[in-house]
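Inspection log for the structure reproduced underneath, given as structure tokens.
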Amino acid sequence: MRITLNLSRMPGARERYALAWTVPTIVLGLAVLALLVGVGVRDFRRYRAVRRSVVELQRTEAQVREQESALRRELERPQLRDMYRQAQFVNILIDRKQFSVTDLFEKVAPLLPPDVRLSGLVLTHSGGDRQVRFVVVGKSEEAMEKFLANLEDSADFADVAILSQGFAKQGTESEPVAISCGARYLGGVPQ
């Protein structure tokens with residue numbers, strides 16, 4: 001007679017659950033492993049694409065530096081250096097601009113009454129002063145007086161003087177009235 005003795009214990013509830021969850025856990029672990037491998041491969045491909053673009057940018061930067069150094073060598077030639085110096089001089093003169101004709105017209109236009117028109121304008125520089133001479137033509141003496149009053153009241157002009165005048169004959173209002181006057185221009189002084 002042979003007696004067999006089984007010394008193993010009976011599987012408990014834990015062992016039964018562990019055995020039952022082994023297969024789903026292995027499947028889930030393989031799925032997570034596959035997901036991690038996929039993410040790793042995707043990240044590696046992105047890294048390679050970024051690396052290629054960085055290398056391309058570095059190559060482009062090197063080409064631009066080379067072009068810049070070639071242009072600098074070209075600009076160092078004596079002829080171009082002289083032209084550059086002359087251009088700087090002209091730019092400095094432009095920056096020092098002290099007078100603008102459009103600014104003068106913008107200041108004169110509001111001074112003209114509706115019945116008066118500007119026929120001539122001359123600007124002369126004498127020393128530090130700028131003298132402006134106006135030739136205006138109007139329909140009536142009152143309109144001309146209004147212009148002169150506006151000119152005297154303006155903060156941009158000083159020392160208004162009538163240089164010549166041509167008024168209409170008595171009884172003829174159809175002829176225009178002309179005045180030539182001068183003033184010292186105060187506007188547009190650089191700061």
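Order determines the names: the first chain of the structure tokens is A, the second B, and so forth; residues in each chain are numbered 1 upward, and ligands are numbered 1 upward as they are shown.
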
If you run DSSP over the backbone, which residues in segment 38-183 of chain A end up helix (DSSP H, G or I)? Put them as a PDB file with C-alpha atoms, in the first residue's frame.
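Saved result, result02.pdb, follows:
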```pdb
ATOM      1  CA  GLY A  38       4.783  53.670 -29.643  1.00  0.00           C
ATOM      2  CA  VAL A  39       5.207  56.942 -27.737  1.00  0.00           C
ATOM      3  CA  GLY A  40       8.959  56.397 -27.606  1.00  0.00           C
ATOM      4  CA  VAL A  41       9.158  55.760 -31.349  1.00  0.00           C
ATOM      5  CA  ARG A  42       7.008  58.844 -32.065  1.00  0.00           C
ATOM      6  CA  ASP A  43       9.162  61.010 -29.784  1.00  0.00           C
ATOM      7  CA  PHE A  44      12.330  59.687 -31.412  1.00  0.00           C
ATOM      8  CA  ARG A  45      10.962  60.563 -34.856  1.00  0.00           C
ATOM      9  CA  ARG A  46      10.066  64.051 -33.641  1.00  0.00           C
ATOM     10  CA  TYR A  47      13.546  64.425 -32.179  1.00  0.00           C
ATOM     11  CA  ARG A  48      15.084  63.453 -35.516  1.00  0.00           C
ATOM     12  CA  ALA A  49      12.854  65.945 -37.375  1.00  0.00           C
ATOM     13  CA  VAL A  50      13.766  68.735 -34.939  1.00  0.00           C
ATOM     14  CA  ARG A  51      17.432  67.794 -35.189  1.00  0.00           C
ATOM     15  CA  ARG A  52      17.256  67.995 -39.005  1.00  0.00           C
ATOM     16  CA  SER A  53      15.616  71.436 -38.826  1.00  0.00           C
ATOM     17  CA  VAL A  54      18.248  72.637 -36.330  1.00  0.00           C
ATOM     18  CA  VAL A  55      21.030  71.423 -38.600  1.00  0.00           C
ATOM     19  CA  GLU A  56      19.363  73.183 -41.547  1.00  0.00           C
ATOM     20  CA  LEU A  57      19.036  76.398 -39.551  1.00  0.00           C
ATOM     21  CA  GLN A  58      22.678  76.198 -38.525  1.00  0.00           C
ATOM     22  CA  ARG A  59      23.667  75.720 -42.145  1.00  0.00           C
ATOM     23  CA  THR A  60      21.520  78.707 -43.186  1.00  0.00           C
ATOM     24  CA  GLU A  61      22.989  80.807 -40.373  1.00  0.00           C
ATOM     25  CA  ALA A  62      26.493  79.936 -41.526  1.00  0.00           C
ATOM     26  CA  GLN A  63      25.592  80.984 -45.087  1.00  0.00           C
ATOM     27  CA  VAL A  64      24.135  84.282 -43.850  1.00  0.00           C
ATOM     28  CA  ARG A  65      27.280  84.950 -41.780  1.00  0.00           C
ATOM     29  CA  GLU A  66      29.382  84.261 -44.839  1.00  0.00           C
ATOM     30  CA  GLN A  67      27.276  86.664 -46.941  1.00  0.00           C
ATOM     31  CA  GLU A  68      27.485  89.281 -44.182  1.00  0.00           C
ATOM     32  CA  SER A  69      31.256  89.052 -44.033  1.00  0.00           C
ATOM     33  CA  ALA A  70      31.426  89.333 -47.842  1.00  0.00           C
ATOM     34  CA  LEU A  71      29.223  92.446 -47.733  1.00  0.00           C
ATOM     35  CA  ARG A  72      31.338  93.946 -44.954  1.00  0.00           C
ATOM     36  CA  ARG A  73      34.462  93.372 -47.038  1.00  0.00           C
ATOM     37  CA  GLU A  74      32.686  95.008 -49.974  1.00  0.00           C
ATOM     38  CA  LEU A  75      31.698  98.017 -47.843  1.00  0.00           C
ATOM     39  CA  PRO A  78      37.490 103.108 -50.199  1.00  0.00           C
ATOM     40  CA  GLN A  79      34.970 104.185 -52.850  1.00  0.00           C
ATOM     41  CA  LEU A  80      32.024 102.830 -50.901  1.00  0.00           C
ATOM     42  CA  ARG A  81      33.373 104.201 -47.625  1.00  0.00           C
ATOM     43  CA  ASP A  82      33.489 107.700 -49.158  1.00  0.00           C
ATOM     44  CA  MET A  83      29.968 107.314 -50.540  1.00  0.00           C
ATOM     45  CA  TYR A  84      28.750 106.120 -47.130  1.00  0.00           C
ATOM     46  CA  ARG A  85      30.385 109.127 -45.448  1.00  0.00           C
ATOM     47  CA  GLN A  86      28.715 111.487 -47.946  1.00  0.00           C
ATOM     48  CA  ALA A  87      25.335 109.808 -47.409  1.00  0.00           C
ATOM     49  CA  GLN A  88      25.731 110.244 -43.656  1.00  0.00           C
ATOM     50  CA  PHE A  89      26.515 113.923 -44.206  1.00  0.00           C
ATOM     51  CA  VAL A  90      23.375 114.369 -46.323  1.00  0.00           C
ATOM     52  CA  ASN A  91      21.308 112.556 -43.690  1.00  0.00           C
ATOM     53  CA  ILE A  92      22.664 114.860 -40.986  1.00  0.00           C
ATOM     54  CA  LEU A  93      21.705 117.879 -43.098  1.00  0.00           C
ATOM     55  CA  ILE A  94      18.227 116.469 -43.584  1.00  0.00           C
ATOM     56  CA  ASP A  95      17.913 115.882 -39.831  1.00  0.00           C
ATOM     57  CA  VAL A 101       7.266 124.923 -46.883  1.00  0.00           C
ATOM     58  CA  THR A 102       4.212 122.790 -46.153  1.00  0.00           C
ATOM     59  CA  ASP A 103       4.291 123.903 -42.507  1.00  0.00           C
ATOM     60  CA  LEU A 104       4.409 127.528 -43.667  1.00  0.00           C
ATOM     61  CA  PHE A 105       1.424 127.012 -45.965  1.00  0.00           C
ATOM     62  CA  GLU A 106      -0.471 125.270 -43.150  1.00  0.00           C
ATOM     63  CA  LYS A 107       0.063 128.349 -40.987  1.00  0.00           C
ATOM     64  CA  VAL A 108      -0.806 130.874 -43.699  1.00  0.00           C
ATOM     65  CA  ALA A 109      -3.962 129.152 -45.021  1.00  0.00           C
ATOM     66  CA  PRO A 110      -6.114 129.751 -41.903  1.00  0.00           C
ATOM     67  CA  LEU A 111      -5.151 133.437 -41.943  1.00  0.00           C
ATOM     68  CA  GLU A 141     -10.405 146.352 -48.925  1.00  0.00           C
ATOM     69  CA  GLU A 142     -12.198 144.927 -45.864  1.00  0.00           C
ATOM     70  CA  ALA A 143     -11.088 141.406 -46.754  1.00  0.00           C
ATOM     71  CA  MET A 144      -7.489 142.623 -47.117  1.00  0.00           C
ATOM     72  CA  GLU A 145      -7.654 144.384 -43.768  1.00  0.00           C
ATOM     73  CA  LYS A 146      -8.971 141.174 -42.210  1.00  0.00           C
ATOM     74  CA  PHE A 147      -5.978 139.281 -43.639  1.00  0.00           C
ATOM     75  CA  LEU A 148      -3.538 141.853 -42.277  1.00  0.00           C
ATOM     76  CA  ALA A 149      -5.237 141.729 -38.865  1.00  0.00           C
ATOM     77  CA  ASN A 150      -5.046 137.914 -38.852  1.00  0.00           C
ATOM     78  CA  LEU A 151      -1.373 138.088 -39.838  1.00  0.00           C
ATOM     79  CA  GLU A 152      -0.568 140.549 -37.044  1.00  0.00           C
ATOM     80  CA  ASP A 153      -2.478 138.476 -34.473  1.00  0.00           C
TER      81      ASP A 153
END
```

Q: Rank A:Gly182, A:Gly187, A:Pro113, A:Pro176 by their smallest atom-to-atom distance to Val135 of chain A, using only C-alpha atoms, and report the top residue only.
A: A:Gly182
